[in-house]
Structure formats: C-alpha cells, structure tokens
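Containing mmCIF, C-alpha atoms: upload.cif.
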data_start
loop_
_atom_site.group_PDB
_atom_site.id
_atom_site.type_symbol
_atom_site.label_atom_id
_atom_site.label_comp_id
_atom_site.auth_asym_id
_atom_site.auth_seq_id
_atom_site.Cartn_x
_atom_site.Cartn_y
_atom_site.Cartn_z
ATOM 1 C CA GLY A 1 141.182 -179.959 92.524
ATOM 2 C CA ASN A 2 143.519 -177.155 91.457
ATOM 3 C CA LYS A 3 145.092 -174.317 93.392
ATOM 4 C CA LEU A 4 143.116 -171.078 93.133
ATOM 5 C CA SER A 5 144.822 -168.601 90.795
ATOM 6 C CA THR A 6 143.399 -165.218 89.899
ATOM 7 C CA SER A 7 146.055 -164.653 87.225
ATOM 8 C CA ARG A 8 144.979 -167.843 85.448
ATOM 9 C CA ASN A 9 141.307 -166.993 86.043
ATOM 10 C CA TRP A 10 140.868 -170.154 88.140
ATOM 11 C CA ALA A 11 138.682 -168.692 90.861
ATOM 12 C CA VAL A 12 135.137 -167.999 91.982
ATOM 13 C CA TRP A 13 134.714 -164.293 91.359
ATOM 14 C CA LEU A 14 132.549 -162.617 93.981
ATOM 15 C CA HIS A 15 130.892 -160.103 91.660
ATOM 16 C CA GLU A 16 129.860 -162.920 89.302
ATOM 17 C CA TYR A 17 128.466 -164.963 92.185
ATOM 18 C CA LEU A 18 126.390 -162.013 93.401
ATOM 19 C CA GLU A 19 125.005 -161.537 89.891
ATOM 20 C CA GLU A 20 124.181 -165.235 89.451
ATOM 21 C CA PHE A 21 122.811 -165.732 92.990
ATOM 22 C CA PRO A 22 121.196 -162.423 94.021
ATOM 23 C CA GLY A 23 120.358 -162.207 97.707
ATOM 24 C CA GLN A 24 122.281 -165.396 98.507
ATOM 25 C CA GLN A 25 125.354 -163.866 100.160
ATOM 26 C CA ASP A 26 124.803 -165.848 103.341
ATOM 27 C CA VAL A 27 124.844 -169.170 101.500
ATOM 28 C CA LEU A 28 128.356 -168.467 100.195
ATOM 29 C CA ARG A 29 129.518 -167.252 103.605
ATOM 30 C CA TYR A 30 128.155 -170.422 105.163
ATOM 31 C CA ALA A 31 129.728 -172.760 102.595
ATOM 32 C CA LEU A 32 133.119 -171.030 102.776
ATOM 33 C CA THR A 33 133.139 -171.037 106.581
ATOM 34 C CA ALA A 34 132.106 -174.699 106.694
ATOM 35 C CA ASN A 35 134.923 -175.536 104.270
ATOM 36 C CA ALA A 36 137.546 -173.147 105.625
ATOM 37 C CA PRO A 37 141.111 -174.541 105.685
ATOM 38 C CA GLU A 38 141.884 -174.374 109.412
ATOM 39 C CA THR A 39 144.440 -177.177 109.690
ATOM 40 C CA LYS A 40 144.809 -178.353 106.081
ATOM 41 C CA ASP A 41 143.966 -177.299 102.532
ATOM 42 C CA ASN A 42 140.371 -177.831 101.445
ATOM 43 C CA ASP A 43 138.699 -178.035 98.059
ATOM 44 C CA PHE A 44 135.787 -175.808 96.994
ATOM 45 C CA THR A 45 133.218 -177.477 94.739
ATOM 46 C CA TRP A 46 129.810 -176.342 93.578
ATOM 47 C CA LYS A 47 128.422 -179.750 94.540
ATOM 48 C CA ASP A 48 129.482 -179.203 98.161
ATOM 49 C CA PHE A 49 128.121 -175.641 98.010
ATOM 50 C CA GLN A 50 124.734 -176.951 96.879
ATOM 51 C CA ALA A 51 124.733 -179.709 99.496
ATOM 52 C CA ARG A 52 125.567 -177.249 102.302
ATOM 53 C CA ASN A 53 122.654 -175.061 101.287
ATOM 54 C CA ASN A 54 120.058 -177.777 100.701
ATOM 55 C CA ASN A 55 121.020 -180.277 103.416
ATOM 56 C CA GLU A 56 121.946 -177.854 106.193
ATOM 57 C CA LEU A 57 120.675 -174.298 105.715
ATOM 58 C CA VAL A 58 117.338 -175.332 104.200
ATOM 59 C CA ALA A 59 116.709 -178.793 105.678
ATOM 60 C CA ILE A 60 117.879 -178.059 109.231
ATOM 61 C CA PHE A 61 117.904 -174.300 109.913
ATOM 62 C CA GLY A 62 115.174 -173.178 107.530
ATOM 63 C CA ASN A 63 112.929 -176.166 108.221
ATOM 64 C CA PHE A 64 112.876 -175.488 111.966
ATOM 65 C CA ILE A 65 112.137 -171.773 111.574
ATOM 66 C CA ASN A 66 109.436 -172.458 109.000
ATOM 67 C CA ARG A 67 107.644 -174.958 111.246
ATOM 68 C CA VAL A 68 107.763 -172.620 114.246
ATOM 69 C CA VAL A 69 106.478 -169.624 112.298
ATOM 70 C CA VAL A 70 103.722 -171.592 110.551
ATOM 71 C CA LEU A 71 102.476 -173.226 113.767
ATOM 72 C CA THR A 72 102.621 -169.985 115.770
ATOM 73 C CA ASN A 73 100.544 -168.231 113.147
ATOM 74 C CA LYS A 74 98.135 -171.148 112.830
ATOM 75 C CA TYR A 75 97.517 -171.619 116.550
ATOM 76 C CA TYR A 76 98.057 -168.147 118.020
ATOM 77 C CA ASP A 77 97.717 -165.638 115.172
ATOM 78 C CA GLY A 78 101.441 -164.941 115.386
ATOM 79 C CA ILE A 79 101.404 -163.957 119.072
ATOM 80 C CA VAL A 80 103.923 -165.668 121.345
ATOM 81 C CA PRO A 81 101.890 -167.919 123.701
ATOM 82 C CA LYS A 82 102.247 -167.766 127.461
ATOM 83 C CA PRO A 83 103.879 -170.941 128.785
ATOM 84 C CA GLU A 84 102.246 -173.038 131.473
ATOM 85 C CA ASN A 85 104.116 -175.769 133.365
ATOM 86 C CA PHE A 86 107.577 -176.647 132.075
ATOM 87 C CA SER A 87 108.278 -180.373 131.783
ATOM 88 C CA GLU A 88 111.671 -181.939 132.461
ATOM 89 C CA VAL A 89 112.285 -182.002 128.699
ATOM 90 C CA ASP A 90 111.478 -178.291 128.461
ATOM 91 C CA GLU A 91 113.851 -177.426 131.288
ATOM 92 C CA GLN A 92 116.609 -179.583 129.819
ATOM 93 C CA THR A 93 116.148 -178.065 126.350
ATOM 94 C CA LEU A 94 116.236 -174.496 127.667
ATOM 95 C CA ALA A 95 119.301 -175.266 129.787
ATOM 96 C CA GLU A 96 121.085 -176.697 126.760
ATOM 97 C CA LEU A 97 120.064 -173.655 124.722
ATOM 98 C CA LYS A 98 121.494 -171.259 127.321
ATOM 99 C CA ALA A 99 124.898 -172.962 127.077
ATOM 100 C CA TYR A 100 125.338 -172.356 123.336
ATOM 101 C CA PRO A 101 126.244 -168.630 123.352
ATOM 102 C CA ALA A 102 129.313 -169.275 125.524
ATOM 103 C CA VAL A 103 130.323 -172.307 123.451
ATOM 104 C CA ILE A 104 130.038 -170.392 120.168
ATOM 105 C CA ALA A 105 131.799 -167.335 121.607
ATOM 106 C CA SER A 106 134.673 -169.510 122.823
ATOM 107 C CA SER A 107 135.154 -170.980 119.345
ATOM 108 C CA ILE A 108 135.088 -167.533 117.742
ATOM 109 C CA ASP A 109 137.607 -166.189 120.282
ATOM 110 C CA ARG A 110 139.946 -169.012 119.258
ATOM 111 C CA TYR A 111 139.381 -168.271 115.540
ATOM 112 C CA ARG A 112 137.676 -171.636 115.113
ATOM 113 C CA PHE A 113 134.952 -170.241 112.878
ATOM 114 C CA ARG A 114 134.038 -173.567 111.264
ATOM 115 C CA GLU A 115 133.613 -175.077 114.726
ATOM 116 C CA ALA A 116 131.520 -172.110 115.879
ATOM 117 C CA GLN A 117 129.256 -172.339 112.844
ATOM 118 C CA ALA A 118 128.775 -176.065 113.422
ATOM 119 C CA GLU A 119 127.596 -175.289 116.954
ATOM 120 C CA LEU A 120 125.117 -172.769 115.525
ATOM 121 C CA MET A 121 123.661 -175.521 113.357
ATOM 122 C CA ASN A 122 123.428 -177.717 116.468
ATOM 123 C CA VAL A 123 121.033 -175.136 117.940
ATOM 124 C CA ALA A 124 118.751 -175.671 114.948
ATOM 125 C CA ARG A 125 119.129 -179.441 115.365
ATOM 126 C CA LEU A 126 118.121 -179.044 119.013
ATOM 127 C CA GLY A 127 114.976 -177.243 117.878
ATOM 128 C CA ASN A 128 114.088 -179.819 115.233
ATOM 129 C CA LYS A 129 114.529 -182.702 117.682
ATOM 130 C CA TYR A 130 112.454 -180.917 120.320
ATOM 131 C CA LEU A 131 109.552 -180.349 117.925
ATOM 132 C CA ALA A 132 109.778 -183.880 116.497
ATOM 133 C CA ASP A 133 109.717 -185.408 119.984
ATOM 134 C CA GLU A 134 106.955 -183.209 121.398
ATOM 135 C CA GLU A 135 104.710 -183.220 118.289
ATOM 136 C CA PRO A 136 102.587 -180.128 119.022
ATOM 137 C CA TRP A 137 100.587 -180.680 115.794
ATOM 138 C CA LYS A 138 99.188 -183.855 117.395
ATOM 139 C CA LEU A 139 98.832 -182.546 120.965
ATOM 140 C CA ILE A 140 96.845 -179.475 119.866
ATOM 141 C CA LYS A 141 93.771 -181.726 119.648
ATOM 142 C CA THR A 142 94.022 -183.007 123.221
ATOM 143 C CA ASP A 143 96.231 -180.697 125.302
ATOM 144 C CA GLU A 144 96.229 -177.051 124.236
ATOM 145 C CA GLU A 145 97.908 -175.981 127.486
ATOM 146 C CA ARG A 146 100.912 -178.211 126.765
ATOM 147 C CA VAL A 147 101.180 -176.928 123.192
ATOM 148 C CA ARG A 148 101.431 -173.329 124.433
ATOM 149 C CA THR A 149 104.523 -174.265 126.441
ATOM 150 C CA ILE A 150 106.039 -176.267 123.570
ATOM 151 C CA MET A 151 105.643 -173.390 121.142
ATOM 152 C CA TYR A 152 107.022 -170.927 123.690
ATOM 153 C CA VAL A 153 110.172 -173.050 124.029
ATOM 154 C CA ALA A 154 110.420 -173.432 120.251
ATOM 155 C CA LEU A 155 110.198 -169.657 119.866
ATOM 156 C CA GLN A 156 112.977 -169.201 122.421
ATOM 157 C CA ILE A 157 115.173 -171.418 120.244
ATOM 158 C CA SER A 158 114.158 -169.386 117.188
ATOM 159 C CA ALA A 159 115.081 -166.135 118.935
ATOM 160 C CA ALA A 160 118.444 -167.614 119.915
ATOM 161 C CA LEU A 161 119.089 -168.594 116.295
ATOM 162 C CA ALA A 162 118.245 -165.073 115.164
ATOM 163 C CA SER A 163 120.900 -163.672 117.479
ATOM 164 C CA LEU A 164 123.579 -166.374 117.290
ATOM 165 C CA SER A 165 123.506 -166.553 113.484
ATOM 166 C CA GLU A 166 124.516 -162.905 113.028
ATOM 167 C CA PRO A 167 128.302 -163.488 112.739
ATOM 168 C CA PHE A 168 127.786 -166.218 110.132
ATOM 169 C CA LEU A 169 124.538 -165.331 108.357
ATOM 170 C CA PRO A 170 124.075 -161.574 108.855
ATOM 171 C CA PHE A 171 121.371 -161.102 106.205
ATOM 172 C CA THR A 172 119.451 -164.160 107.394
ATOM 173 C CA SER A 173 119.813 -163.017 110.996
ATOM 174 C CA GLN A 174 118.300 -159.634 110.165
ATOM 175 C CA LYS A 175 115.458 -161.238 108.204
ATOM 176 C CA LEU A 176 114.745 -163.647 111.034
ATOM 177 C CA LYS A 177 114.768 -160.868 113.631
ATOM 178 C CA SER A 178 112.250 -159.008 111.489
ATOM 179 C CA MET A 179 110.059 -162.111 111.132
ATOM 180 C CA LEU A 180 110.110 -162.669 114.892
ATOM 181 C CA ASP A 181 109.661 -158.979 115.685
ATOM 182 C CA TYR A 182 112.841 -159.391 117.710
ATOM 183 C CA GLY A 183 113.339 -156.778 120.420
ATOM 184 C CA ARG A 184 109.792 -156.468 121.724
ATOM 185 C CA SER A 185 108.844 -157.913 125.073
ATOM 186 C CA THR A 186 107.577 -161.495 124.979
ATOM 187 C CA SER A 187 104.008 -160.427 125.645
ATOM 188 C CA GLU A 188 104.054 -158.011 122.694
ATOM 189 C CA ALA A 189 106.042 -160.108 120.230
ATOM 190 C CA VAL A 190 104.317 -161.230 117.059
ATOM 191 C CA ILE A 191 105.442 -163.203 114.037
ATOM 192 C CA ASN A 192 105.789 -161.358 110.746
ATOM 193 C CA THR A 193 105.679 -163.793 107.825
ATOM 194 C CA SER A 194 106.265 -161.344 104.991
ATOM 195 C CA GLY A 195 109.662 -162.870 104.101
ATOM 196 C CA VAL A 196 111.137 -166.246 103.237
ATOM 197 C CA LEU A 197 114.157 -167.326 105.250
ATOM 198 C CA MET A 198 115.952 -169.612 102.759
ATOM 199 C CA GLU A 199 115.173 -170.997 99.338
ATOM 200 C CA SER A 200 116.455 -174.319 98.061
ATOM 201 C CA ASP A 201 118.795 -174.378 95.060
ATOM 202 C CA GLU A 202 117.564 -176.385 92.083
#
Would you give me this structure, written as structure tokens?
Amino acid sequence: GNKLSTSRNWAVWLHEYLEEFPGQQDVLRYALTANAPETKDNDFTWKDFQARNNNELVAIFGNFINRVVVLTNKYYDGIVPKPENFSEVDEQTLAELKAYPAVIASSIDRYRFREAQAELMNVARLGNKYLADEEPWKLIKTDEERVRTIMYVALQISAALASLSEPFLPFTSQKLKSMLDYGRSTSEAVINTSGVLMESDE
C-alpha cells in the first residue's frame, strides 16, 4: 500500500528473494509481469505473488505439462506417438495453437508484456481444456488409435509452451525443452522426466 522506497528500505530486495526462494526466479518474473503498471500504478503483495504461482503457474501451466509427460511415459515409454486421423477438434485446436505466436509477438512489439504473458497462459488453458474434453485416460481402454492422436496434439501444445514461454519464464522454458528433448525430429523425440517443472508454495 506504500510507494516503494529503497532509501527507507521499503522494497523487495532481489538478492534476498533469491536467497529465500532459490531456483524460483521465473515465479518472480511472472508475478511482476502480471502485475506490471502499464496504465496505472499497481500494488505488489506476497499474497498475490503466492496466488499467481499456485493458481496459474502450478495449476494451469504446470498441471498441463505434468499430465502430458506422465501420460506419454505411461502409454508410450516417453516416445512421441504417431498421429492417426485428426478429428475436427484436433484440427481446430492445432489451428488455434498456430495463431498464438503472432498474437504474443504483436503484444511484445507493442510493449504490452502483461497482455503477452496472459496469452501464453491461454495456450496452457487450451491444452488443459483439450485434454479434459478428450479424456485420453478413459479412451486408452477402447480406442488406442485415437489416444495416439490426442497425445500427439497435446505434445504439440507442450512444445509450443516450451518455446513461447522463453521471454517470460526463461529457466522454465529451458527445463521444459530439456524434458521434451526439444530440437529432435518428432520421430526421435522422447520425454525426459528427470526434472520438476514447478513446485507449489506452501
């Protein structure tokens, strides 16, 4: 509720944050970008910081990646499955996904970083909705061919998140690219689950 003042020691000191929250640089970047004063002054609170991490980074972004990685390892030993026939939902989802890079780039070009980051989170929301609607964990018992396509699409969304998150979450982006073995051809790509993407704050 007060104006930041380094002379009066009313501030969040970066070196203290890094000591108290090791390896959580991206969480602070995310919270500050989401709360950036673009048209009016904003207030930084630790409660909002915690909510941004738990309700957005963990519950939306991290939850989607975790489900995709776990299911890909469970069903295909970490190897990206070959898709079969794309449904109308698949085509629509992939078309929507392809539009996001230009949308995010446009926001960044206009210095609307909060807006751009919100669009990044919408990519994760797209992935969560797709998985929730298609329910591959139920279909695996009756239609393995369909599940291969679903997981292929889900992995495309994951790969997009790995790339699009770099300006906002550079450490997370690098970790995610490593987990997805980003850069190999689709037929060679495998999932590496040696790391954890995000951890919830207590």
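Near Pro101 of chain A, within 10 Å and counting all atoms listed in the file, sit Leu97, Ala105, Ser106, Ala116, Glu119, Leu120, Val123, Ala160, Ser163 and Leu164 of chain A, not including residues fewer than 4 positions from it in the same chain.
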Residue contacts of Thr72 of chain A (10 Å, only C-alpha atoms) excluding same-chain residues fewer than 2 positions away, as a VMD selection string: chain A and resid 66 to 70 74 to 81 148 151 to 152 154 to 155 190 to 191
Nearby residues (all atoms listed in the file) at most 12 Å from segment 53-60 of chain A, same-chain spacing under 2 positions excluded, as a PyMOL selection string: chain A and resi 24-32+34+46-51+62-67+117-118+120-129+161+165+168-169+172+196-202
Atomic separation - atom CA of Asn42 of chain A relative to atom CA of Asn2 of chain A, Å: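 Computing it gives 10.5 Å between the two atoms.
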Between atom CA of Pro136 of chain A and atom CA of Glu88 of chain A, distance in Å (one decimal):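 For atom CA of Pro136 of chain A relative to atom CA of Glu88 of chain A, the distance reads 16.3 Å.
Across the chains present, the PyMOL selection byres ((chain A and resi 3) around 12) applied to this file returns Gly1, Asn2, Leu4, Ser5, Thr6, Ser7, Arg8, Asn9, Trp10, Ala11, Val12, Asp41, Asn42, Asp43 and Phe44 of chain A.
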Distance of atom CA of Ala99 of chain A from atom CA of Arg146 of chain A, expressed in Å to one decimal place: 24.6 Å
Of the listed residues A:Val103, A:Leu139, A:Ala95, A:Ser158, that which approaches Leu180 of chain A most closely, counting all atoms listed in the file: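 Among the listed residues, the smallest separation from Leu180 of chain A belongs to A:Ser158.
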Selected residue, from A:Ala162, A:Gln92, A:Thr149, A:Phe61, that lies nearest to Lys175 of chain A when counting all atoms listed in the file: A:Ala162
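Considering all atoms listed in the file, the residue among A:Asp133, A:Glu84, A:Glu144, A:Glu166 positioned nearest to Ile104 of chain A is A:Glu166.
The shortest atom-to-atom distance to Met179 of chain A, with all atoms listed in the file taken into account, belongs to A:Asn73 out of A:Glu16, A:Arg110, A:Asn73, A:Trp137.
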Val89 of chain A environment, 10 Å, all atoms listed in the file, sequence neighbours closer than 4 positions dropped, as a PyMOL selection string: chain A and resi 93-95+130+133-134+150
Could you turn the residues from that selection into a file that holds C-alpha atoms, as a compact mmCIF listing (two decimals), in the coordinates of the input?
# COMPACT_ATOMS: atom_id res chain seq x y z
CA THR A 93 116.15 -178.06 126.35
CA LEU A 94 116.24 -174.50 127.67
CA ALA A 95 119.30 -175.27 129.79
CA TYR A 130 112.45 -180.92 120.32
CA ASP A 133 109.72 -185.41 119.98
CA GLU A 134 106.96 -183.21 121.40
CA ILE A 150 106.04 -176.27 123.57
